[in-house]
Amino acid sequence: MTAGRAPGRPQAGAHPFGGSPGVPAGQGANPLVEVNDLAKTFDVSAPWLNRVIERQPRRFVHAVDGVSFAIPRGTTLALVGESGCGKSTVARLLVGLYAPTRGTVAFDGIDTAATLASPGARALRKRMQMIFQDPYASLNPRWTVRDIVGEPLREHGLAMTEPALEAKVAALLAQVGMAAADMEKFPHQFSGGQRQRISIARALATEPEFLVCDEPTSALDVSVQAQVLNIMKNLQRQRGLTYLFISHNLAVVRHVADSVGVMYLGRLVELSPRRTLFAAPRHPYTRMLLDAIPDIAMTGRQRTPVQGEVPNPLNPPSGCAFHPRCPHANARCSSERPELVEFQGVRIACHAVTEGRI
Amino acid sequence: MADQPMARAPSAPLAPSAGALARFFDGDVWHSFKQSPTAMVAAVIALVCVVCAVFAPWLAPHNPQDLASLQLMDARLPPAWVADGQARFPLGTDDQGRDILSALMYGARISLLVGLASVVLSVVLGVGLGLLAGFVGGRVDSFIMRVCDVMLSFPAILVALLIDGVGRAMFPDAHEALAFSVLILAISLTGWVQYARTVRGSTLVERQKDYVQAARVIGVSPLRIMRRHVLPNVLGPVLVLATIQIASAIITEATLSFLGVGVPPTSPSLGTLIRVGQDFLFSGEWWITVFPGLVLVMIALSVNLLGDWLRDALNPRLR
Amino acid sequence: MAAPLLEVQHLRVEFPTRRGTLLALDDVSFSIAPGEILGVVGESGAGKSLTGAAIIGLLEPPGRVAGGQILLDGQRIDNLPAEAMRKIRGKRIGAIFQDPLTSLNPLYTIGRQLIETIQVHLGLDAAAARARAVQLLQSTGIPAAGQRIDQYPHQFSGGMRQRVVIALALAAQPQLIVADEPTTALDVSIQAQIIALLKSLTKEQGAAVMLVTHDMGVIAETCDRVAVLYAGRVVEIGPVAAVIHSPAHPYTVGLMGSIPAMDQEREQLMQIDGAMPRLNAIPPGCAFHPRCPQAMDRCRSDRPDLLPAGATQAACWLHDSKVAA
C-alpha cells in the first residue's frame with residue numbers, strides 16, 4: 001500500500017476484530033458490524049405427507065453454523081469459500097433477508113434482527129444496502145433506470161418532487177460513471193457491467209454506511225470487473241463506506257479486502273488481515289485454495305494435488321468439516337470440532353495449527 | 001461467468017425509446033404480426049365482428065328487439081340470394097320475422113359482452129389468487145392449490161350449470177341484469193384456475209430473483225413488491241391465456257344459452273339463436289341456425305388464432 | 001513442421017436478423033497442430049464460443065458460415081452435409097461444454113451414454129465397449145468406476161460430472177477436442193483438478209485441444225498457444241508465455257492489466273474505458289481504436305492484419321515494420 005493514505009481508513013496492521021467476546025479489543029474498538037455465533041438452518045425435509053408415508057426423517061442444512069466476526073468502520077471484510085460454504089447466506093443474514101436461527105448481528109450496537117421486526121426497521125434499512133451477483137436478475141426488467149434507482153429515494157421519502165428525484169438519480173448515476181440520459185432506458189439496453197453500476201447507484205441512494213456485496217463482479221468480464229472494482233474502491237475512499245465483500249475469487253479479494261475470512265461448510269476456518277492470509281496461510285483449506293489458483297505468472301510453482309470435493313451439506317463430516325480432505329488430520333480432528341480461536345495474530349479453527357503440528 | 005451459450009444469435013440493441021407506442025411498433029411483436037398472414041386475417045375477422053357487435057344499434061338494418069316492428073308476414077324468409085328471399089333481409093328471417101343479420105349483430109354483442117366480462121373477472125380472480133399463493137407460500141399456497149385441483153376435476157359446464165341453477169333458485173324472479181351477472185359469474189368461476197396456476201408458477205420464480213430481494217433490502221412492503229415488481233413480470237402468459245379463453249368463454253355462454261339456462265330469452269345471444277333455429281332445421285329453414293353457428297365459429301376461431309400467434313410472438317425462444 | 005490438424009482460414013460467421021446481417025466472426029484464421037493445446041480467449045461477445053460452434057458444426061440457425069474454410073486434416077468440414085458432419089463429430093472431434101448438468105442426458109445412466117458413443121464410433125461389441133468405458137472412467141479419476149458406471153448423472157457432483165463429460169469426449173479417441181469453458185461452472189479447487197486431467201489425458205491420447213475460455217489463468221496453466229479474440233476478430237496470437245508476459249496488442253495489454261494478480265498489490269486495476277462494441281456497431285478500421293490509448297489516424301480507417309510483433313502476432317498498426325517508427 002502506498003504511504004500516503006486517505007483519511008478514514010484504519011492504519012496498517014489494525015486488528016480487524018475487536019469487541020467480540022474472547023478476543024482482545026484492538027484498534028477499531030467500536031466496529032460497525034459485529035456478528036456473534038451466527039447460524040442459519042434451512043429445513044429441507046420432504047413434505048409432511050411424504051415423510052409420514054415413506055418414514056423419512058426431517059432433514060436440515062446448516063448453511064451457516066456459528067460464525068463470528070467484526071468489521072471496523074471504513075474497512076472491507078471479504079468472505080471467501082467455494083459453493084455451499086454459506087458465504088452468500090451470511091450476506092443475506094446481515095441485511096435481514098433471512099432471520100438468524102441463532103446468534104446476533106449488531107450494527108452500530110443495534111441488534112438488527114430485533115430492529116428489523118420493529119417499527120425502527122426503516123431507519124436501519126437506510127444505513128445498510130446490498131449489491132447482488134447477477135446483473136441480469138437484480139434489476140426489474142420492466143422498470144426504467146429512473147424508477148429502479150429512484151425506488152429507495154421514494155421509499156424513504158428522500159425526494160419530495162419528481163424534479164428532485166430526477167436530480168438525485170442523475171447525481172447517483174454520475175457517481176458510477178453513467179450519463180443522466182441513461183435513466184430513461186431499460187435494463188436490457190445495458191451491458192452486464194453497466195447494470196452492476198446501476199445496482200451500485202441504487203445501493204448508494206440512501207447514503208448507507210454499510211454495503212454487503214455478494215459476488216458483485218463474478219458474472220462480469222475481466223476488464224469490466226476492473227472498472228467496477230475501481231469504482232467501488234473509490235467510493236469507499238470518498239464516503240468512508242464499510243464493505244462486506246463475498247467472493248470465490250481470491251485474486252479479486254486480494255485487491256479489495258482489508259481482512260479476509262475463509263469459510264467452509266458454514267464455518268469460519270480462518271480470519272486474518274489480508275497480508276497475513278496471503279503471505280502465510282495457516283489453515284490447510286486456505287492453503288489448498290491458494291494453491292488451486294491458476295498461476296498466470298507461470299512461476300512454475302509446484303502445486304499440491306487437491307483431494308476430494310466439498311461434501312454434501314446435508315451430511316457434514318463429524319468433528320472438523322475439512323478432515324476427510326485434510327493431509328494433516330488426526331483422530332481428534334474427526335471427533336472434535338475446532339473452535340475459531342486467536343492464535344499468533346490470526347483467528348483459526350484447526351487442531352493441527354493450534355497444536356503446533358503445522 | 002455468463003458467456004453466451006453456444007452459438008445463440010447475438011441480440012441487437014433496440015432503438016432508443018421514444019414512447020411506448022413507438023417502441024411497440026418497432027418491436028418484435030409487431031414485426032411478427034406483419035409476417036404472419038394467419039394472424040392478420042384472424043385479427044381482421046375478429047375486428048369486423050367486434051365492430052359489428054359494438055356498433056350494432058347503428059349498423060344493423062333492423063332492430064330485432066323492437067317487437068312492434070316485426071311482421072309475421074316476413075317470417076321464415078330465406079336469405080336474399082335464394083329464390084324467395086328479399087333484399088332487405090340479406091340473411092333471411094326467423095319464425096317471428098326478425099332479420100337474421102340484425103339478430104346476429106345484437107346476438108354477437110351479447111356473446112362478446114358476456115365472454116369478455118367473464119374473462120376479465122377470471123383474470124382478476126385468478127391472477128390475484130395466484131400471486132397470493134406464490135408470494136405467501138405455506139398453508140395459503142397449499143389451500144389455494146387444493147381448491148384449484150378440486151375445481152379442475154369438475155367439467156366446466158357442470159360448474160356453470162350448478163352456479164347458474166343456484167342463482168336462479170335464489171332469485172327466482174330475477175330481472176335481466178341479475179341473470180347476466182349470475183351467468184358471468186358462473187363462467188368466470190370455471191376459468192380462473194389456469195391463471196392462478198400459471199401466475200403462481202411465475203411468481204415462485206420471480207420471487208427468488210435478485211430484484212425482489214433488492215426491494216426487500218430497501219424496505220419495500222411485501223404488498224408493494226407483489227404489485228409493482230412481481231405482477232408486471234408475470235402477466236405475459238396471462239395475456240395469451242386470456243385471449244384464448246375469450247373464445248372458450250363465448251362458447252360456454254353459447255352452450256348454456258343453447259341449453260336454455262344462459263342469457264334471458266329477451267336478449268338472445270348467438271347460442272339462443274342456434275337453439276331457436278334448431279327447431280326449424282329439419283323443415284328446411286337452415287339459415288336460422290346455420291348463420292349464428294358460422295358467426296360463432298368465426299369469432300372463436302379468429303380469437304383462438306390470435307391467441308396462438310400471440311403466444312409464439314411472446315415466446316423469446318422462437319424469435 | 002507437421003501439417004496442422006485443424007486449419008481455420010478467413011472464417012466469417014453471419015447472423016441475418018431483420019435489422020440487417022450481423023457479422024459475428026470476421027476473417028478469423030488460426031491453426032492447431034496435432035497434440036497442441038490452443039487457447040481461445042476473449043470477453044463476452046467476442047465470438048469465441050461461436051468459433052467452437054462453427055468448427056463442430058453446431059451453429060444455431062439463422063447463424064451460418066458465410067465465408068472462409070475450416071479444414072480438418074486437410075479436408076474441408078464446414079460445407080459437409082449434416083450426415084457426414086455427424087460422423088466426424090464424436091469420432092474425430094470431441095466436445096466438452098460448460099455446464100456438466102446439461103451435457104449429460106439425465107434419463108440414461110452414464111454407462112449407457114458412454115457405451116453408445118463407443119459402439120457407434122469404434123464398432124466394438126457390448127462387452128468390449130463396457131470394458132473400455134470402465135477404463136475411461138478410471139482414467140478420468142472416478143473412484144469405483146465399475147459400480148459408478150451404472151449410476152445416473154444426478155448421482156454425481158459437478159466435478160465428477162465434468163469428468164464423465166471428458167470421458168465421453170475422449171471415448172472415440174478423437175483427434176481434436178473443442179472445450180467451451182469446461183471449468184467455469186466449477187469451484188476453484190475442482191477447476192484445478194479438471195484442468196490437470198484434461199491436460200494429461202489429451203497428451204496421453206495425442207489429441208489436440210481448442211480451449212475456449214475467458215479465464216486467463218486457465219489458459220496460462222494449460223495451453224501452448226493462445227489466440228485473443230475481440231469483436232469477432234483475432235487481435236493477437238502466439239505462445240502463451242509471450243502473450244501473457246509481453247503482449248503486443250493494446251487490448252491484450254489492457255486485458256492482462258485488469259486481471260487482479262496474486263503476486264502484486266495495486267491501488268487501482270488497469271482499466272480499459274468503454275466496452276466492446278456491439279456487433280451492429282463495429283467501428284471501421286481497427287475495432288479497438290475507440291478505446292485504444294495508442295490509436296493513430298491509420299487505425300480509424302484501415303483494419304490491420306496479423307503482423308509479426310516479437311514472439312507473437314498482433315493485429316495492430318503499431319507493429320507495422322514498413323512504417324518508420
# chains A, B, ... in the order shown; residues from 1 in each chain; ligands from 1
>>> interface_residues(of="chain A", to="chain B", cutoff="8 Å", atoms="only C-alpha atoms", output="number ranges by chain")
A: 95-97, 121-122, 125-126, 129-132, 134, 137-142, 152, 155, 184-185, 189, 218-221
>>> interface_residues(of="chain C", to="chain B", cutoff="7 Å", atoms="only C-alpha atoms", output="ChimeraX atom specification")
/C:15,44,49-50,53,59-60,63,184,280
>>> closest_atom_pairs(of="chain A", to="chain C", cutoff="7 Å", atoms="only C-alpha atoms", output="CSV")
residue,atom,partner,partner_atom,distance
A:Glu82,CA,C:Asp187,CA,5.8
A:Ser83,CA,C:Asp187,CA,6.6
A:Asp221,CA,C:Glu43,CA,5.8
A:Val222,CA,C:Ile259,CA,6.2
A:Ser223,CA,C:Ser258,CA,5.4
A:Ala226,CA,C:Ser258,CA,5.4
A:Gln227,CA,C:Gln271,CA,5.8
A:Asn230,CA,C:Gln268,CA,5.9
A:Ala251,CA,C:Met262,CA,5.5
A:Val252,CA,C:Pro260,CA,5.8
A:His255,CA,C:Pro260,CA,6.4
A:Leu289,CA,C:Ser189,CA,6.3
A:Ala292,CA,C:Ser189,CA,5.3
A:Ile293,CA,C:Val188,CA,6.9
A:Pro294,CA,C:Gly217,CA,4.8
A:Asp295,CA,C:Gly217,CA,5.9
A:Ile296,CA,C:Gly217,CA,4.9
A:Met298,CA,C:Ala220,CA,6.8
A:Val306,CA,C:Ser189,CA,6.9
>>> closest_residue(among="B:Asp94, B:His62, B:Trp309, B:Arg168", to="Val276 in chain B", atoms="only C-alpha atoms")
B:Asp94
>>> residues_around(residues="Ser335 in chain A", least_positions_apart="6", cutoff="9 Å", atoms="only C-alpha atoms", output="PyMOL selection string")
chain A and resi 318-320
>>> residues_around(residues="Gly150 in chain A", least_positions_apart="3", cutoff="12 Å", atoms="only C-alpha atoms", output="PyMOL selection string")
(chain A and resi 143-147+153-173+183-184+198-199+201-206) or (chain B and resi 215+218)
>>> closest_residue(among="B:Val199, B:Ala247, B:Leu77, B:Leu231", to="Leu306 in chain B", atoms="only C-alpha atoms")
B:Ala247
>>> residues_around(residues="Ala196 in chain B", least_positions_apart="4", cutoff="6 Å", atoms="only C-alpha atoms", output="VMD selection string")
chain B and resid 126 to 127 129 to 130 200
>>> write_last_selection(atoms="N, CA and C atoms", output="tab-separated table (two decimals), in the first residue's frame")
chain	number	residue	atom	x	y	z
B	126	GLY	N	-58.09	-15.01	-10.76
B	126	GLY	CA	-57.01	-15.97	-10.89
B	126	GLY	C	-55.64	-15.37	-10.62
B	127	VAL	N	-55.38	-14.19	-11.21
B	127	VAL	CA	-54.07	-13.57	-11.00
B	127	VAL	C	-53.90	-13.20	-9.54
B	129	LEU	N	-55.28	-14.55	-6.85
B	129	LEU	CA	-55.04	-15.72	-6.01
B	129	LEU	C	-53.69	-16.36	-6.31
B	130	GLY	N	-53.32	-16.36	-7.59
B	130	GLY	CA	-52.03	-16.94	-7.95
B	130	GLY	C	-50.88	-16.18	-7.33
B	200	ARG	N	-48.97	-18.42	-10.28
B	200	ARG	CA	-48.26	-18.92	-9.09
B	200	ARG	C	-46.89	-19.42	-9.47
>>> decode(residues="range 48-71 of chain B", atoms="C-alpha atoms", output="tab-separated table (two decimals), in the first residue's frame")
chain	number	residue	atom	x	y	z
B	48	VAL	CA	-65.06	-6.89	-38.01
B	49	CYS	CA	-67.08	-8.98	-35.61
B	50	VAL	CA	-66.25	-6.72	-32.70
B	51	VAL	CA	-67.12	-3.58	-34.62
B	52	CYS	CA	-70.42	-5.02	-35.78
B	53	ALA	CA	-71.21	-6.12	-32.31
B	54	VAL	CA	-70.27	-2.88	-30.60
B	55	PHE	CA	-71.99	-0.66	-33.11
B	56	ALA	CA	-74.93	-2.96	-33.69
B	57	PRO	CA	-77.60	-0.39	-32.88
B	58	TRP	CA	-76.20	1.81	-35.65
B	59	LEU	CA	-75.08	-0.77	-38.14
B	60	ALA	CA	-77.90	-3.25	-38.06
B	61	PRO	CA	-80.52	-2.73	-40.76
B	62	HIS	CA	-83.34	-3.57	-38.35
B	63	ASN	CA	-83.83	-3.72	-34.64
B	64	PRO	CA	-84.72	-7.28	-33.70
B	65	GLN	CA	-85.62	-6.32	-30.19
B	66	ASP	CA	-88.30	-3.92	-31.22
B	67	LEU	CA	-91.32	-6.18	-31.11
B	68	ALA	CA	-93.52	-3.58	-32.72
B	69	SER	CA	-91.59	-3.64	-35.95
B	70	LEU	CA	-91.97	-7.33	-36.53
B	71	GLN	CA	-94.44	-8.59	-39.02
